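Below is one structure, written out as structure tokens; the observations come after it.
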Amino acid sequence: MAKKGVVIEFDFAALNGAELLFKTAKSYLKKLDNIKLDEPTEARHLAGADFADGLAKLFASVKTKKTAPKAARELSALFAETLTASVPSAVTTPFKNFVKALAEKDVEVIISTRADLETVAPAFASLVGSNVVLYQDVSSCYGASPWDTWRRACRFAEVSHISTLVLTGSGFGVKSALVAGMKSIAVVNDRIAYQDFGGAYEVVDELSGKTAKKFLARFGV
């Protein structure tokens, strides 16, 4: 029987990366060309899109002469820096209990993040080891991870995507998991509650030893 796994989209499921990204983008765009970003504009042009594609649509709508590819690289790098500074504080006791509850049942836990792994690794040191690995997400998608991220993470940890669940922090992540042929459970907070979570096996509002039981139930353990 194939080993079971869970890919955790740490930046958006354990950490409220959606809020961090919005604030980062809002500040960056204002400095770039006094472009105003509000929640409807983010949802209309950026959320769930490739950084470059979303910014191209936004730039066309506000008629700026700034180039989307360059802005996409800068904003993506700036967000990664913000995550690197923020990730350690999100490795909380409830999160650790969540991961340990899965790992103790022989579920391979893949913690995926866009943060600099060398910098944030010490925060995960008590977790990484038997059945727990860190994975570098190189996605260029605004507020979510595309389907190939999940597949690459599974290959990295040497588990089958068919026997692996995705723990995502967006409705777009739920959809990309479906495209990858994987089941998902979503963590929902007020910032992204407007998104469509149809297709998720479960919707939860926190990660803890208690919510780990929902995952284990899906695995029949």
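We name chains A, B, ... following the order of the structure tokens; residues begin at 1 in each chain, and ligands are numbered from 1 as shown.
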
Discussion item. Excluding region 139-146 of chain A and its own-chain neighbours fewer than 2 positions away, which residues fall within 7 Å of it when counting only C-alpha atoms? Please give them as a ChimeraX atom specification.
Written reply: /A:18,46-51,137,148-149,170,172-173,176

Kindly export the residues of the current selection with N, CA and C atoms, as a short mmCIF file (atom, residue, chain, number, x, y, z; two decimals), in the first residue's frame.
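Output contents, as saved in again.cif:
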data_model
loop_
_atom_site.label_atom_id
_atom_site.label_comp_id
_atom_site.auth_asym_id
_atom_site.auth_seq_id
_atom_site.Cartn_x
_atom_site.Cartn_y
_atom_site.Cartn_z
N ALA A 18 -2.29 35.45 2.91
CA ALA A 18 -3.14 36.27 2.04
C ALA A 18 -3.16 37.72 2.51
N LEU A 46 -5.77 40.04 -9.48
CA LEU A 46 -4.57 39.36 -9.01
C LEU A 46 -4.81 37.97 -8.40
N ALA A 47 -5.80 37.84 -7.54
CA ALA A 47 -5.97 36.62 -6.76
C ALA A 47 -6.06 35.38 -7.64
N GLY A 48 -5.19 34.43 -7.36
CA GLY A 48 -5.19 33.17 -8.09
C GLY A 48 -4.48 33.19 -9.43
N ALA A 49 -4.00 34.36 -9.84
CA ALA A 49 -3.35 34.49 -11.16
C ALA A 49 -1.83 34.44 -11.00
N ASP A 50 -1.15 34.14 -12.08
CA ASP A 50 0.29 34.29 -12.11
C ASP A 50 0.62 35.77 -11.85
N PHE A 51 1.66 36.04 -11.09
CA PHE A 51 2.00 37.42 -10.75
C PHE A 51 2.06 38.31 -11.99
N ASP A 137 8.72 25.98 -2.13
CA ASP A 137 7.72 26.28 -3.16
C ASP A 137 8.24 27.44 -4.00
N ASP A 148 0.95 22.04 -10.26
CA ASP A 148 2.22 21.33 -10.36
C ASP A 148 3.06 21.44 -9.09
N THR A 149 2.75 22.43 -8.24
CA THR A 149 3.44 22.52 -6.96
C THR A 149 3.16 21.28 -6.13
N SER A 170 -6.56 28.52 0.35
CA SER A 170 -7.33 29.34 -0.58
C SER A 170 -8.27 28.46 -1.40
N PHE A 172 -8.50 28.84 -4.54
CA PHE A 172 -7.72 28.54 -5.74
C PHE A 172 -6.86 27.29 -5.52
N GLY A 173 -6.39 27.11 -4.28
CA GLY A 173 -5.62 25.91 -3.95
C GLY A 173 -6.47 24.66 -4.02
N SER A 176 -6.69 23.87 -7.69
CA SER A 176 -5.45 23.35 -8.25
C SER A 176 -5.18 21.93 -7.76
#

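Distance annotation: of A:Ser86, A:Leu165, A:Ile8, A:Gly171, the residue with the minimal separation from Tyr194 (chain A) is A:Gly171; atom set is only C-alpha atoms.
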
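In this comparison, which uses only C-alpha atoms, the residue of A:Val62, A:Ala25, A:Leu117, A:Ala123 approaching Ser76 (chain A) most closely is A:Ala25.
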
Fill in: d(CA of Ser184 (chain A), CA of Lys4 (chain A)) in Å
13.3 Å

Practice prompt. Return the single residue from A:Leu167, A:Leu102, A:Ala180, A:Ala115 that is closest to Tyr201 (chain A), with distances computed using only C-alpha atoms.
Written response: A:Leu167

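Considering only C-alpha atoms, the residue among A:Gln136, A:Asn131, A:Thr64, A:Asn16 positioned nearest to Trp150 (chain A) is A:Gln136.
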
Item to complete: Please provide the set of residues having any atom within 12 Å of region 87-98 of chain A, restricted to only C-alpha atoms, with same-chain residues fewer than 5 positions apart removed, written as a PyMOL selection string.
Response: chain A and resi 6+8-17+20+79-82+103-105+107+109+111-128+132+167+206-216

Fill in: For Ser163 (chain A): contacts at 9 Å, only C-alpha atoms, fewer than 5 positions along chain excluded, given as JSON, numbers by chain
{"A": [2, 3, 4, 5, 6, 182, 183, 219]}

Taking all heavy atoms for each residue, export the selection above as a PDB file, in the first residue's frame.
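result20.pdb written:
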ATOM      1  N   ALA A   2       0.542   2.229  -0.852  1.00  0.00           N
ATOM      2  CA  ALA A   2       1.325   3.467  -0.945  1.00  0.00           C
ATOM      3  C   ALA A   2       1.254   4.247   0.358  1.00  0.00           C
ATOM      4  O   ALA A   2       0.206   4.293   1.014  1.00  0.00           O
ATOM      5  CB  ALA A   2       0.812   4.322  -2.094  1.00  0.00           C
ATOM      6  N   LYS A   3       2.373   4.848   0.721  1.00  0.00           N
ATOM      7  CA  LYS A   3       2.393   5.659   1.934  1.00  0.00           C
ATOM      8  C   LYS A   3       1.523   6.890   1.754  1.00  0.00           C
ATOM      9  O   LYS A   3       1.491   7.504   0.691  1.00  0.00           O
ATOM     10  CB  LYS A   3       3.824   6.078   2.265  1.00  0.00           C
ATOM     11  CG  LYS A   3       3.927   6.814   3.596  1.00  0.00           C
ATOM     12  CD  LYS A   3       5.352   6.966   4.045  1.00  0.00           C
ATOM     13  CE  LYS A   3       5.410   7.594   5.423  1.00  0.00           C
ATOM     14  NZ  LYS A   3       6.788   7.705   5.939  1.00  0.00           N
ATOM     15  N   LYS A   4       0.812   7.253   2.804  1.00  0.00           N
ATOM     16  CA  LYS A   4      -0.072   8.413   2.749  1.00  0.00           C
ATOM     17  C   LYS A   4       0.692   9.680   3.103  1.00  0.00           C
ATOM     18  O   LYS A   4       1.626   9.662   3.883  1.00  0.00           O
ATOM     19  CB  LYS A   4      -1.238   8.200   3.708  1.00  0.00           C
ATOM     20  CG  LYS A   4      -2.115   7.032   3.284  1.00  0.00           C
ATOM     21  CD  LYS A   4      -2.970   6.518   4.400  1.00  0.00           C
ATOM     22  CE  LYS A   4      -3.772   5.315   3.925  1.00  0.00           C
ATOM     23  NZ  LYS A   4      -4.521   4.676   5.010  1.00  0.00           N
ATOM     24  N   GLY A   5       0.254  10.792   2.505  1.00  0.00           N
ATOM     25  CA  GLY A   5       0.946  12.052   2.736  1.00  0.00           C
ATOM     26  C   GLY A   5       0.011  13.235   2.813  1.00  0.00           C
ATOM     27  O   GLY A   5      -1.151  13.166   2.412  1.00  0.00           O
ATOM     28  N   VAL A   6       0.535  14.334   3.339  1.00  0.00           N
ATOM     29  CA  VAL A   6      -0.173  15.606   3.390  1.00  0.00           C
ATOM     30  C   VAL A   6       0.812  16.703   2.996  1.00  0.00           C
ATOM     31  O   VAL A   6       1.896  16.803   3.557  1.00  0.00           O
ATOM     32  CB  VAL A   6      -0.724  15.919   4.798  1.00  0.00           C
ATOM     33  CG1 VAL A   6      -1.236  17.350   4.867  1.00  0.00           C
ATOM     34  CG2 VAL A   6      -1.842  14.964   5.172  1.00  0.00           C
ATOM     35  N   MET A 182      -5.780  15.421  -6.832  1.00  0.00           N
ATOM     36  CA  MET A 182      -5.597  15.212  -5.398  1.00  0.00           C
ATOM     37  C   MET A 182      -6.783  15.775  -4.615  1.00  0.00           C
ATOM     38  O   MET A 182      -7.450  16.702  -5.065  1.00  0.00           O
ATOM     39  CB  MET A 182      -4.296  15.881  -4.936  1.00  0.00           C
ATOM     40  CG  MET A 182      -3.061  15.334  -5.624  1.00  0.00           C
ATOM     41  SD  MET A 182      -1.565  16.321  -5.347  1.00  0.00           S
ATOM     42  CE  MET A 182      -1.274  16.007  -3.585  1.00  0.00           C
ATOM     43  N   LYS A 183      -7.021  15.209  -3.453  1.00  0.00           N
ATOM     44  CA  LYS A 183      -8.065  15.701  -2.570  1.00  0.00           C
ATOM     45  C   LYS A 183      -7.496  16.795  -1.682  1.00  0.00           C
ATOM     46  O   LYS A 183      -6.281  16.873  -1.470  1.00  0.00           O
ATOM     47  CB  LYS A 183      -8.628  14.555  -1.725  1.00  0.00           C
ATOM     48  CG  LYS A 183      -9.236  13.430  -2.562  1.00  0.00           C
ATOM     49  CD  LYS A 183      -9.684  12.292  -1.673  1.00  0.00           C
ATOM     50  CE  LYS A 183     -10.338  11.185  -2.496  1.00  0.00           C
ATOM     51  NZ  LYS A 183      -9.381  10.541  -3.423  1.00  0.00           N
ATOM     52  N   PHE A 219      -7.931   9.373   6.030  1.00  0.00           N
ATOM     53  CA  PHE A 219      -7.011   8.293   5.712  1.00  0.00           C
ATOM     54  C   PHE A 219      -7.464   6.966   6.327  1.00  0.00           C
ATOM     55  O   PHE A 219      -6.826   5.936   6.128  1.00  0.00           O
ATOM     56  CB  PHE A 219      -5.597   8.625   6.221  1.00  0.00           C
ATOM     57  CG  PHE A 219      -4.911   9.684   5.426  1.00  0.00           C
ATOM     58  CD1 PHE A 219      -4.251  10.715   6.055  1.00  0.00           C
ATOM     59  CD2 PHE A 219      -4.893   9.658   4.032  1.00  0.00           C
ATOM     60  CE1 PHE A 219      -3.587  11.698   5.321  1.00  0.00           C
ATOM     61  CE2 PHE A 219      -4.240  10.609   3.293  1.00  0.00           C
ATOM     62  CZ  PHE A 219      -3.591  11.641   3.941  1.00  0.00           C
TER      63      PHE A 219
END

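What separates CA of Leu58 (chain A) from CA of Ile192 (chain A) is a distance of 19.6 Å.
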
Practice prompt. Return as a ChimeraX atom specification the full set of residues in region 105-147 of chain A whose backbone-based DSSP assignment is strand (DSSP E).
Written response: /A:108-113,132-136

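Distances from A:Tyr28, A:Ser61, A:Val7, A:Val179 to Thr41 (chain A) were compared using only C-alpha atoms, and the smallest one belongs to A:Ser61.
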
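CA of Glu108 (chain A) sits 8.0 Å away from CA of Val133 (chain A).
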
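Of the listed residues (A:Glu202, A:Asp33, A:Ala85, A:Gly169), A:Gly169 comes nearest to Asp190 (chain A); the distances count only C-alpha atoms.
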
Worksheet entry | Residues flagged helix (DSSP H, G or I) by DSSP in region 46-212 of chain A, as a PyMOL selection string | chain A and resi 46+51-62+68-90+93-103+117-124+147-157+161-163+171-179+190-192+209-212
